[in-house]
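Engineer: Contents of data.csv (CSV, C-alpha atoms) are given next:
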```csv
chain,number,residue,atom,x,y,z
A,43,MET,CA,-17.4,-26.1,-5.0
A,44,MET,CA,-15.0,-27.9,-2.7
A,45,SER,CA,-12.2,-29.7,-4.4
A,46,ASP,CA,-11.7,-33.4,-4.0
A,47,VAL,CA,-9.1,-34.5,-1.4
A,48,ASN,CA,-6.8,-37.4,-1.2
A,49,ARG,CA,-6.8,-37.8,2.5
A,50,GLU,CA,-9.7,-37.8,4.9
A,51,SER,CA,-10.2,-37.1,8.6
A,52,GLY,CA,-12.9,-38.3,10.9
A,53,GLY,CA,-14.4,-41.0,8.6
A,54,SER,CA,-15.6,-39.5,5.3
A,55,ALA,CA,-15.1,-35.9,6.2
A,56,PRO,CA,-12.4,-34.1,4.2
A,57,ALA,CA,-9.3,-32.8,5.9
A,58,TYR,CA,-7.8,-29.3,5.4
A,59,VAL,CA,-4.8,-27.2,6.3
A,60,VAL,CA,-4.6,-23.5,6.8
A,61,GLY,CA,-1.7,-21.4,5.5
A,62,LEU,CA,-1.0,-17.8,6.7
A,63,ASP,CA,1.1,-15.0,5.3
A,64,ALA,CA,1.2,-12.2,7.9
A,65,GLY,CA,3.1,-9.2,6.8
A,66,GLY,CA,3.5,-5.5,7.5
A,67,THR,CA,0.5,-4.5,5.5
A,68,ARG,CA,-2.0,-7.4,5.7
A,69,THR,CA,-2.6,-10.9,7.0
A,70,ARG,CA,-3.8,-13.4,4.4
A,71,ALA,CA,-5.1,-16.9,5.2
A,72,VAL,CA,-6.0,-19.7,2.8
A,73,LEU,CA,-7.8,-23.0,3.4
A,74,ALA,CA,-6.7,-25.9,1.2
A,75,PRO,CA,-7.2,-29.7,1.1
A,76,VAL,CA,-4.6,-31.6,2.9
A,77,GLY,CA,-4.0,-34.0,0.0
A,78,GLY,CA,-3.3,-31.3,-2.6
A,79,GLY,CA,-5.2,-29.1,-4.9
A,80,GLU,CA,-6.1,-25.4,-5.1
A,81,PRO,CA,-7.3,-23.4,-2.1
A,82,ASP,CA,-11.0,-23.6,-1.2
A,83,GLY,CA,-11.1,-20.4,0.9
A,84,GLU,CA,-9.3,-17.1,1.4
A,85,GLY,CA,-9.5,-14.4,4.0
A,86,VAL,CA,-7.6,-11.1,4.4
A,87,SER,CA,-7.2,-8.8,7.4
A,88,GLY,CA,-4.9,-6.1,8.8
A,89,PRO,CA,-1.1,-6.2,9.5
A,90,GLY,CA,0.5,-9.2,11.0
A,91,ASN,CA,4.1,-8.3,11.8
A,92,ALA,CA,4.9,-10.2,15.0
A,93,LEU,CA,7.2,-7.5,16.4
A,94,THR,CA,5.3,-4.3,15.6
A,95,VAL,CA,1.6,-5.2,15.9
A,96,PRO,CA,0.3,-5.2,19.5
A,97,GLY,CA,-0.5,-8.7,20.7
A,98,ALA,CA,-4.3,-8.2,21.1
A,99,GLN,CA,-4.5,-6.5,17.7
A,100,LEU,CA,-2.5,-9.4,16.1
A,101,VAL,CA,-5.0,-11.9,17.5
A,102,GLU,CA,-7.9,-9.9,16.1
A,103,HIS,CA,-6.3,-9.8,12.6
A,104,LEU,CA,-5.6,-13.5,12.7
A,105,VAL,CA,-9.2,-14.3,13.8
A,106,GLU,CA,-10.6,-12.1,11.1
A,107,ALA,CA,-8.5,-13.6,8.3
A,108,ILE,CA,-8.9,-17.2,9.3
A,109,ALA,CA,-12.7,-16.8,9.9
A,110,ARG,CA,-13.1,-15.5,6.4
A,111,ALA,CA,-11.0,-18.3,4.9
A,112,VAL,CA,-12.5,-21.2,6.9
A,113,PRO,CA,-16.3,-21.6,7.0
A,114,GLU,CA,-17.6,-22.5,10.4
A,115,GLU,CA,-18.8,-26.0,9.3
A,116,LEU,CA,-15.2,-26.9,8.2
A,117,ARG,CA,-13.3,-25.7,11.2
A,118,GLY,CA,-13.4,-29.1,12.9
A,119,HIS,CA,-11.7,-30.6,9.8
A,120,VAL,CA,-8.5,-28.5,9.9
A,121,VAL,CA,-5.6,-30.8,10.8
A,122,ALA,CA,-2.6,-28.4,10.6
A,123,VAL,CA,-1.8,-24.7,10.4
A,124,ALA,CA,1.4,-23.1,9.3
A,125,GLY,CA,2.0,-19.3,9.4
A,126,GLY,CA,4.7,-17.1,8.0
A,127,PHE,CA,5.1,-13.9,10.0
A,128,ALA,CA,7.1,-10.8,9.4
A,129,GLY,CA,9.2,-10.2,12.5
A,130,ALA,CA,9.3,-13.9,13.4
A,131,SER,CA,12.2,-16.3,13.1
A,132,ARG,CA,13.0,-20.0,13.8
A,133,THR,CA,16.6,-19.2,14.8
A,134,ALA,CA,15.7,-20.1,18.4
A,135,PRO,CA,12.6,-21.5,20.2
A,136,ASP,CA,12.5,-18.4,22.4
A,137,GLU,CA,12.9,-15.8,19.7
A,138,PRO,CA,10.5,-13.0,20.6
A,139,GLY,CA,8.7,-12.7,17.3
A,140,ARG,CA,8.2,-16.4,17.1
A,141,VAL,CA,6.9,-16.7,20.7
A,142,LYS,CA,4.5,-13.8,20.1
A,143,ALA,CA,3.2,-15.1,16.8
A,144,TYR,CA,2.6,-18.6,18.2
A,145,ALA,CA,0.8,-17.2,21.3
A,146,ALA,CA,-1.4,-15.0,19.1
A,147,LEU,CA,-2.1,-17.8,16.6
A,148,THR,CA,-3.1,-20.4,19.2
A,149,VAL,CA,-5.5,-17.9,20.8
A,150,ALA,CA,-7.0,-17.1,17.5
A,151,LEU,CA,-7.5,-20.8,16.6
A,152,SER,CA,-9.0,-21.5,20.0
A,153,ARG,CA,-11.4,-18.6,19.6
A,154,LEU,CA,-12.6,-20.0,16.3
A,155,GLY,CA,-12.9,-23.6,17.6
A,156,ILE,CA,-10.1,-25.0,15.5
A,157,GLY,CA,-8.5,-27.7,17.5
A,158,THR,CA,-5.8,-28.6,15.0
A,159,GLY,CA,-2.8,-30.8,15.1
A,160,PRO,CA,0.6,-29.2,14.2
A,161,VAL,CA,0.8,-25.4,14.5
A,162,GLU,CA,4.0,-24.1,13.0
A,163,ILE,CA,5.5,-20.6,13.0
A,164,HIS,CA,7.8,-19.6,10.1
A,165,GLY,CA,9.4,-16.4,9.0
A,166,ASP,CA,7.7,-14.6,6.1
A,167,ILE,CA,10.8,-15.3,4.0
A,168,GLU,CA,10.5,-19.0,4.6
A,169,VAL,CA,6.9,-19.3,3.4
A,170,ALA,CA,7.7,-17.0,0.5
A,171,PHE,CA,10.5,-19.3,-0.6
A,172,ALA,CA,8.4,-22.4,-0.2
A,173,ALA,CA,5.7,-20.8,-2.4
A,174,ALA,CA,7.9,-21.2,-5.5
A,175,SER,CA,7.3,-24.0,-7.9
A,176,GLY,CA,8.1,-27.4,-6.4
A,177,CYS,CA,8.3,-26.1,-2.8
A,178,PRO,CA,12.2,-25.8,-3.0
A,179,ALA,CA,14.3,-26.5,0.1
A,180,ASP,CA,17.4,-24.4,-0.6
A,181,GLY,CA,18.3,-21.0,-2.1
A,182,LEU,CA,17.7,-17.3,-1.5
A,183,ALA,CA,14.5,-15.4,-0.6
A,184,LEU,CA,13.8,-11.7,-1.0
A,185,VAL,CA,10.7,-9.9,0.4
A,186,ALA,CA,10.1,-6.3,-0.8
A,187,GLY,CA,6.7,-5.0,0.3
A,188,THR,CA,6.2,-2.6,3.2
A,189,GLY,CA,9.6,-3.7,4.5
A,190,ALA,CA,12.5,-5.4,2.9
A,191,VAL,CA,14.4,-8.5,4.0
A,192,ALA,CA,16.4,-11.3,2.4
A,193,GLY,CA,17.5,-14.7,3.7
A,194,ARG,CA,19.3,-17.8,2.8
A,195,ILE,CA,17.2,-20.9,3.0
A,196,ASP,CA,18.7,-24.3,3.9
A,197,GLY,CA,16.4,-27.3,4.3
A,198,ARG,CA,13.4,-24.9,4.2
A,199,ALA,CA,14.7,-23.0,7.3
A,200,CYS,CA,16.2,-19.6,7.2
A,201,THR,CA,19.8,-19.8,8.3
A,202,GLU,CA,21.0,-16.2,7.4
A,203,THR,CA,19.0,-13.0,7.4
A,204,VAL,CA,19.9,-9.5,6.0
A,205,ALA,CA,17.9,-6.4,6.7
A,206,GLY,CA,14.3,-6.7,7.8
A,207,ASP,CA,15.0,-4.5,10.8
A,208,GLY,CA,11.7,-2.6,10.6
A,209,TRP,CA,10.7,0.9,9.5
A,210,LEU,CA,12.7,2.7,12.2
A,211,LEU,CA,16.0,0.9,11.9
A,212,GLY,CA,16.1,-0.7,8.5
A,213,ASP,CA,14.1,-2.1,5.6
A,214,ASP,CA,15.9,0.2,3.2
A,215,GLY,CA,14.4,0.0,-0.3
A,216,GLY,CA,11.0,-1.2,1.0
A,217,GLY,CA,7.7,0.5,0.6
A,218,PHE,CA,8.0,2.5,3.8
A,219,TRP,CA,11.4,3.7,2.8
A,220,ILE,CA,10.1,4.8,-0.6
A,221,GLY,CA,7.0,6.5,0.9
A,222,ARG,CA,9.1,8.4,3.4
A,223,GLU,CA,11.5,9.5,0.7
A,224,ALA,CA,8.5,10.8,-1.3
A,225,VAL,CA,7.5,13.1,1.7
A,226,ARG,CA,11.1,14.1,2.3
A,227,VAL,CA,11.7,15.3,-1.3
A,228,ALA,CA,8.3,17.2,-1.2
A,229,LEU,CA,9.4,19.0,1.9
A,230,ARG,CA,12.8,19.8,0.5
A,231,MET,CA,11.1,21.2,-2.6
A,232,ALA,CA,8.9,23.4,-0.5
A,233,ASP,CA,11.8,24.9,1.6
A,234,GLY,CA,14.1,25.4,-1.4
A,235,ARG,CA,16.6,22.7,-0.7
A,236,GLY,CA,15.5,20.2,-3.3
A,237,ALA,CA,14.7,20.0,-6.9
A,238,PRO,CA,11.2,20.5,-8.3
A,239,THR,CA,9.2,17.3,-8.5
A,240,ALA,CA,5.7,16.1,-9.2
A,241,LEU,CA,5.7,14.5,-5.8
A,242,GLY,CA,5.2,17.9,-4.2
A,243,ALA,CA,1.6,18.0,-5.5
A,244,SER,CA,0.8,14.3,-5.3
A,245,VAL,CA,2.1,13.9,-1.8
A,246,GLY,CA,0.2,17.1,-0.7
A,247,ARG,CA,-3.0,15.8,-2.2
A,248,ALA,CA,-2.6,12.4,-0.5
A,249,LEU,CA,-2.1,14.1,2.8
A,250,GLY,CA,-5.1,16.4,2.5
A,251,VAL,CA,-3.2,19.7,1.9
A,252,PRO,CA,-5.6,22.4,0.8
A,253,GLY,CA,-5.5,23.0,-3.0
A,254,ASP,CA,-4.7,26.7,-2.7
A,255,VAL,CA,-1.2,26.0,-1.2
A,256,LEU,CA,-0.3,23.0,-3.4
A,257,PRO,CA,2.4,23.5,-6.1
A,258,PRO,CA,1.0,24.4,-9.6
A,259,ASP,CA,-0.7,21.3,-11.1
A,260,ALA,CA,1.2,21.0,-14.4
A,261,PRO,CA,2.7,18.0,-16.2
A,262,GLY,CA,6.3,17.2,-15.3
A,263,PRO,CA,8.4,19.0,-12.7
A,264,TYR,CA,7.1,22.3,-11.3
A,265,ASP,CA,8.6,25.7,-11.6
A,266,VAL,CA,9.3,26.5,-7.9
A,267,GLU,CA,9.5,30.2,-8.6
A,268,SER,CA,5.7,30.2,-9.4
A,269,TRP,CA,5.1,28.8,-5.9
A,270,THR,CA,5.5,31.7,-3.5
A,271,ARG,CA,7.3,31.5,-0.2
A,272,ALA,CA,4.1,32.0,1.8
A,273,ARG,CA,2.4,29.1,0.0
A,274,ARG,CA,5.4,26.9,0.6
A,275,GLU,CA,5.4,27.7,4.3
A,276,ALA,CA,1.7,26.9,4.5
A,277,TYR,CA,2.3,23.7,2.5
A,278,ARG,CA,4.9,22.5,5.0
A,279,MET,CA,2.7,23.4,8.0
A,280,HIS,CA,0.0,21.1,6.6
A,281,VAL,CA,2.2,18.3,5.4
A,282,LEU,CA,4.2,17.8,8.7
A,283,PRO,CA,1.2,17.2,11.1
A,284,ALA,CA,-0.6,15.1,8.4
A,285,ALA,CA,2.3,12.8,7.9
A,286,MET,CA,2.9,12.4,11.6
A,287,ASP,CA,-0.7,12.0,12.6
A,288,ARG,CA,-0.7,8.3,11.6
A,289,PRO,CA,1.3,5.2,12.4
A,290,PRO,CA,4.7,5.8,10.9
A,291,VAL,CA,4.6,2.6,8.8
A,292,ARG,CA,1.6,4.0,7.0
A,293,LEU,CA,4.0,6.2,5.0
A,294,ALA,CA,4.3,3.0,2.8
A,295,ASP,CA,0.9,4.0,1.4
A,296,LEU,CA,2.7,6.8,-0.4
A,297,ALA,CA,5.1,4.6,-2.3
A,298,PRO,CA,2.8,4.2,-5.3
A,299,LEU,CA,3.1,8.0,-5.8
A,300,ALA,CA,6.8,7.7,-6.4
A,301,ALA,CA,6.2,4.9,-8.8
A,302,GLU,CA,3.6,6.9,-10.7
A,303,ALA,CA,5.8,10.0,-10.9
A,304,ALA,CA,8.8,7.8,-12.1
A,305,ARG,CA,6.6,6.4,-14.9
A,306,HIS,CA,6.1,10.0,-16.1
A,307,ARG,CA,9.9,10.5,-16.1
A,308,ASP,CA,10.1,12.7,-13.0
A,309,PRO,CA,13.9,12.7,-12.3
A,310,VAL,CA,13.5,13.0,-8.5
A,311,ALA,CA,11.1,10.0,-8.3
A,312,GLU,CA,13.3,8.0,-10.7
A,313,GLY,CA,16.2,8.7,-8.3
A,314,ILE,CA,14.2,7.4,-5.3
A,315,LEU,CA,13.4,4.1,-7.1
A,316,ALA,CA,17.0,3.7,-8.4
A,317,THR,CA,18.3,4.1,-4.8
A,318,ALA,CA,15.7,1.6,-3.5
A,319,ALA,CA,16.9,-0.9,-6.1
A,320,ASP,CA,20.5,-0.3,-5.0
A,321,HIS,CA,19.5,-1.0,-1.4
A,322,LEU,CA,17.8,-4.3,-2.3
A,323,THR,CA,20.8,-5.3,-4.5
A,324,GLY,CA,23.1,-4.7,-1.5
A,325,THR,CA,20.8,-6.8,0.7
A,326,VAL,CA,21.1,-9.7,-1.7
A,327,ARG,CA,24.8,-9.3,-2.1
A,328,ALA,CA,25.3,-9.5,1.6
A,329,LEU,CA,24.2,-13.2,1.5
A,330,GLY,CA,27.1,-14.1,-0.8
A,331,PRO,CA,24.9,-15.4,-3.7
A,332,ARG,CA,26.3,-18.0,-6.1
A,333,SER,CA,25.8,-17.5,-9.9
A,334,GLY,CA,22.7,-19.5,-10.9
A,335,GLU,CA,21.4,-19.9,-7.4
A,336,ARG,CA,17.6,-19.8,-7.1
A,337,ILE,CA,16.3,-16.5,-5.7
A,338,VAL,CA,12.6,-16.3,-4.9
A,339,ALA,CA,11.0,-12.9,-4.5
A,340,THR,CA,7.7,-11.6,-3.3
A,341,GLY,CA,6.1,-8.3,-2.4
A,342,ALA,CA,4.3,-5.6,-4.4
A,343,LEU,CA,7.5,-3.8,-5.3
A,344,LEU,CA,8.8,-6.9,-7.3
A,345,GLY,CA,5.7,-8.3,-9.0
A,346,PRO,CA,5.0,-8.4,-12.7
A,347,ASP,CA,4.1,-4.7,-12.6
A,348,GLY,CA,6.3,-3.8,-9.6
A,349,PRO,CA,8.1,-0.5,-9.8
A,350,LEU,CA,11.5,-2.1,-8.8
A,351,THR,CA,11.3,-5.3,-10.9
A,352,ASP,CA,13.1,-4.1,-14.0
A,353,LEU,CA,15.6,-2.0,-11.9
A,354,LEU,CA,16.5,-4.9,-9.6
A,355,THR,CA,16.6,-7.5,-12.5
A,356,ALA,CA,19.2,-5.4,-14.3
A,357,ARG,CA,21.3,-5.1,-11.1
A,358,LEU,CA,21.2,-8.9,-10.4
A,359,ARG,CA,21.9,-10.0,-13.9
A,360,PRO,CA,25.7,-9.5,-13.5
A,361,LEU,CA,25.6,-11.7,-10.4
A,362,GLY,CA,24.0,-14.5,-12.4
A,363,LEU,CA,20.7,-14.2,-10.6
A,364,THR,CA,17.2,-14.2,-12.0
A,365,LEU,CA,14.2,-13.3,-9.8
A,366,ASP,CA,11.5,-16.1,-9.4
A,367,TRP,CA,8.5,-14.1,-8.3
A,368,VAL,CA,5.6,-15.5,-6.2
A,369,ARG,CA,2.4,-13.6,-5.3
A,370,ASP,CA,2.8,-14.1,-1.6
A,371,GLY,CA,3.7,-16.8,1.0
A,372,CYS,CA,0.3,-18.4,1.4
A,373,ARG,CA,1.0,-21.2,-1.0
A,374,GLY,CA,4.3,-21.8,0.7
A,375,ALA,CA,2.6,-21.9,4.1
A,376,VAL,CA,0.1,-24.4,2.8
A,377,ALA,CA,2.9,-26.6,1.4
A,378,LEU,CA,4.7,-26.4,4.8
A,379,ALA,CA,1.5,-27.3,6.6
A,380,ARG,CA,1.0,-30.3,4.4
A,381,LEU,CA,4.6,-31.4,5.1
A,382,SER,CA,3.9,-31.1,8.8
A,383,VAL,CA,1.0,-33.4,8.5
A,384,GLU,CA,3.1,-35.9,6.6
A,385,GLY,CA,5.8,-35.6,9.3
A,386,ALA,CA,3.3,-36.1,12.1
A,387,GLU,CA,1.9,-39.2,10.4
A,388,ALA,CA,5.4,-40.6,9.8
A,389,ALA,CA,6.2,-40.1,13.5
A,390,ALA,CA,3.0,-41.6,14.8
A,391,PRO,CA,3.1,-44.8,16.8
A,392,GLY,CA,2.6,-47.8,14.5
A,393,SER,CA,3.8,-45.9,11.5
A,394,ALA,CA,6.2,-47.8,9.2
A,395,ASN,CA,8.5,-44.8,9.4
A,396,THR,CA,8.5,-44.8,13.2
A,397,PRO,CA,11.8,-46.1,14.5
A,398,HIS,CA,11.5,-49.1,16.9
A,399,ARG,CA,12.6,-48.3,20.4
A,400,PRO,CA,13.3,-51.1,22.9
A,401,GLY,CA,10.6,-51.7,25.4
A,402,THR,CA,7.9,-50.1,23.2
```
Would you put the structure from the file into structure tokens?
Structural biologist:
Amino acid sequence: MMSDVNRESGGSAPAYVVGLDAGGTRTRAVLAPVGGGEPDGEGVSGPGNALTVPGAQLVEHLVEAIARAVPEELRGHVVAVAGGFAGASRTAPDEPGRVKAYAALTVALSRLGIGTGPVEIHGDIEVAFAAASGCPADGLALVAGTGAVAGRIDGRACTETVAGDGWLLGDDGGGFWIGREAVRVALRMADGRGAPTALGASVGRALGVPGDVLPPDAPGPYDVESWTRARREAYRMHVLPAAMDRPPVRLADLAPLAAEAARHRDPVAEGILATAADHLTGTVRALGPRSGERIVATGALLGPDGPLTDLLTARLRPLGLTLDWVRDGCRGAVALARLSVEGAEAAAPGSANTPHRPGT
């Protein structure tokens, strides 16, 4: 059932806002009453990184997510939209990611017949930070999912950013980085440069390598000597094209394999996760955190069951920092959309908060 709302639009019709969290793996949209309360609709679609997803594809993902979240009969009652996009920034009005995200979002809304009021573009770290309890205005935000980025938030705007440079140039410690490392250690194991690891078999299976050339399937690290040179060569010849015959960022799909192997005390996998946590710690340190400062984190790597949660928590403790985890940035985007409605109402002609100007 629809929840009650405190503010209405168009007579007795309820008014809503839409919040979006568009990241490297998925785009999530939620519909919520403008006056407060829990979301009334949710939709999920494909990746929404404003820099790496082609414009036409970004529009399609936004259309799909919003259409699933907002029933057709309610689209005329949406009064504001706020979206947090990976690859977007509010550092300048003409910042490329922000421009692309705004263009794609306005096309998507038009296609769905949503003629809304304010449409705001935020970075994914801004909406993640705003998703914390109380919609805080100042502190640090850390996103560790497919990619990895941290930022300092002042007045709900990101004023400093560290990392977040994408799978090719950065995002060290993120899901792509971990997945790529999993493939790299498997290949090193196969050619004799690296230590035996359970990732040899699990990565091979995930990439469709024939079973007769996989490492022996035994618990714990494998005895490389039982894996003949001919089988290793065949393994490599299958892994390389399989890993490259997909968008590079899809290597993030293999990150859970490293987490699973680490849970079974595989030393190589444990080393990958420890190094990933070191990278994220360095990312946070670069922001010059103050002891006790609020740090809001999101992303699958840092959730309650995230593979890096305990590792990063231990590394941040000496800095006087404690992670405040949120599921994603959708609630933050909703909170920012509600604030934009309040701001628009305060600035409207005739509002008690509208400053008097001579001659008006």
Engineer: Which one is closest to A:Ala300: A:Arg222, A:Arg235, A:Arg273, A:Arg332? Count only C-alpha atoms.
Structural biologist: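 Going through A:Arg222, A:Arg235, A:Arg273, A:Arg332 one by one, the smallest distance to A:Ala300 is for A:Arg222.
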Engineer: Atom CA of A:Leu343 to atom CA of A:Gly79: how many Å, to one decimal?
Structural biologist: 28.3 Å
Engineer: When you look at A:Ala146 with a cut-off of 10 Å (counting all atoms listed in the file), what residues show up, excluding the ones that are within fewer than 4 positions of it in the same chain? I need them as a ChimeraX atom specification.
Structural biologist: /A:92,96-105,140-142,150-151
Engineer: Expressed in Å to a single decimal, how great is the separation between atom CA of A:Arg380 and atom CA of A:Ala107?
Structural biologist: 19.6 Å
Engineer: What's the separation between atom CA of A:Asp196 and atom CA of A:Asp136, in Å to one decimal place?
Structural biologist: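 Distance between the two atoms: 20.4 Å.
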Engineer: With a distance cut-off of 7 Å and only C-alpha atoms, select the neighbouring residues of A:Arg194, excluding the residue or stretch itself and same-chain residues fewer than 4 positions from it, and output the selection as a PyMOL selection string.
Structural biologist: chain A and resi 181-183+200-203+329
Engineer: What are the closest atom pairs, with distances in Å to one decimal, for each residue of stretch 273-382 of chain A lying within 10 Å of stretch 247-257 of chain A, using all atoms listed in the file, rows by chain and rising residue number, as a tab-separated table?
Structural biologist:
```
residue	atom	partner	partner_atom	distance
A:Arg273	CA	A:Val255	CA	4.9
A:Arg274	CA	A:Val255	CA	6.9
A:Glu275	CA	A:Val255	CA	8.8
A:Ala276	CA	A:Val255	CA	6.5
A:Tyr277	CA	A:Val255	CA	5.6
A:Arg278	CA	A:Val251	CA	9.1
A:Met279	CA	A:Val251	CA	9.3
A:His280	CA	A:Val251	CA	5.9
A:Val281	CA	A:Leu249	CA	6.5
A:Leu282	CA	A:Leu249	CA	9.4
A:Pro283	CA	A:Leu249	CA	9.5
A:Ala284	CA	A:Leu249	CA	5.9
A:Ala285	CA	A:Leu249	CA	6.9
A:Asp295	CA	A:Ala248	CA	9.3
A:Leu296	CA	A:Ala248	CA	7.7
A:Leu299	CA	A:Ala248	CA	8.9
```
Engineer: Just the residues within 12 Å of stretch 307-317 of chain A, please, counting all atoms listed in the file, with nothing from its chain fewer than 5 positions along; format it as number ranges by chain.
Structural biologist: A: 214-217, 219-228, 230-231, 236-242, 244-245, 261-264, 296-302, 322-324, 343-344, 348-357
Engineer: Give the answer as one residue: which of A:Trp209, A:Phe127, A:Phe218, A:Trp269 has the shortest atom-to-atom distance to A:Val169, using only C-alpha atoms?
Structural biologist: A:Phe127
Engineer: With 10 Å as the threshold, what does the neighbourhood of (-2.0, -27.6, 6.4) contain in terms of residues, counting all atoms listed in the file? Coordinates are those of the file; answer as a ChimeraX atom specification.
Structural biologist: /A:57-62,72-78,120-125,158-162,375-384
Engineer: Could you write those residues out with C-alpha atoms, as a PDB file, keeping the file's coordinate frame?
Structural biologist:
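The new file part_22.pdb reads:
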```pdb
ATOM      1  CA  ALA A  57      -9.300 -32.800   5.900  1.00  0.00           C
ATOM      2  CA  TYR A  58      -7.800 -29.300   5.400  1.00  0.00           C
ATOM      3  CA  VAL A  59      -4.800 -27.200   6.300  1.00  0.00           C
ATOM      4  CA  VAL A  60      -4.600 -23.500   6.800  1.00  0.00           C
ATOM      5  CA  GLY A  61      -1.700 -21.400   5.500  1.00  0.00           C
ATOM      6  CA  LEU A  62      -1.000 -17.800   6.700  1.00  0.00           C
ATOM      7  CA  VAL A  72      -6.000 -19.700   2.800  1.00  0.00           C
ATOM      8  CA  LEU A  73      -7.800 -23.000   3.400  1.00  0.00           C
ATOM      9  CA  ALA A  74      -6.700 -25.900   1.200  1.00  0.00           C
ATOM     10  CA  PRO A  75      -7.200 -29.700   1.100  1.00  0.00           C
ATOM     11  CA  VAL A  76      -4.600 -31.600   2.900  1.00  0.00           C
ATOM     12  CA  GLY A  77      -4.000 -34.000   0.000  1.00  0.00           C
ATOM     13  CA  GLY A  78      -3.300 -31.300  -2.600  1.00  0.00           C
ATOM     14  CA  VAL A 120      -8.500 -28.500   9.900  1.00  0.00           C
ATOM     15  CA  VAL A 121      -5.600 -30.800  10.800  1.00  0.00           C
ATOM     16  CA  ALA A 122      -2.600 -28.400  10.600  1.00  0.00           C
ATOM     17  CA  VAL A 123      -1.800 -24.700  10.400  1.00  0.00           C
ATOM     18  CA  ALA A 124       1.400 -23.100   9.300  1.00  0.00           C
ATOM     19  CA  GLY A 125       2.000 -19.300   9.400  1.00  0.00           C
ATOM     20  CA  THR A 158      -5.800 -28.600  15.000  1.00  0.00           C
ATOM     21  CA  GLY A 159      -2.800 -30.800  15.100  1.00  0.00           C
ATOM     22  CA  PRO A 160       0.600 -29.200  14.200  1.00  0.00           C
ATOM     23  CA  VAL A 161       0.800 -25.400  14.500  1.00  0.00           C
ATOM     24  CA  GLU A 162       4.000 -24.100  13.000  1.00  0.00           C
ATOM     25  CA  ALA A 375       2.600 -21.900   4.100  1.00  0.00           C
ATOM     26  CA  VAL A 376       0.100 -24.400   2.800  1.00  0.00           C
ATOM     27  CA  ALA A 377       2.900 -26.600   1.400  1.00  0.00           C
ATOM     28  CA  LEU A 378       4.700 -26.400   4.800  1.00  0.00           C
ATOM     29  CA  ALA A 379       1.500 -27.300   6.600  1.00  0.00           C
ATOM     30  CA  ARG A 380       1.000 -30.300   4.400  1.00  0.00           C
ATOM     31  CA  LEU A 381       4.600 -31.400   5.100  1.00  0.00           C
ATOM     32  CA  SER A 382       3.900 -31.100   8.800  1.00  0.00           C
ATOM     33  CA  VAL A 383       1.000 -33.400   8.500  1.00  0.00           C
ATOM     34  CA  GLU A 384       3.100 -35.900   6.600  1.00  0.00           C
TER      35      GLU A 384
END
```
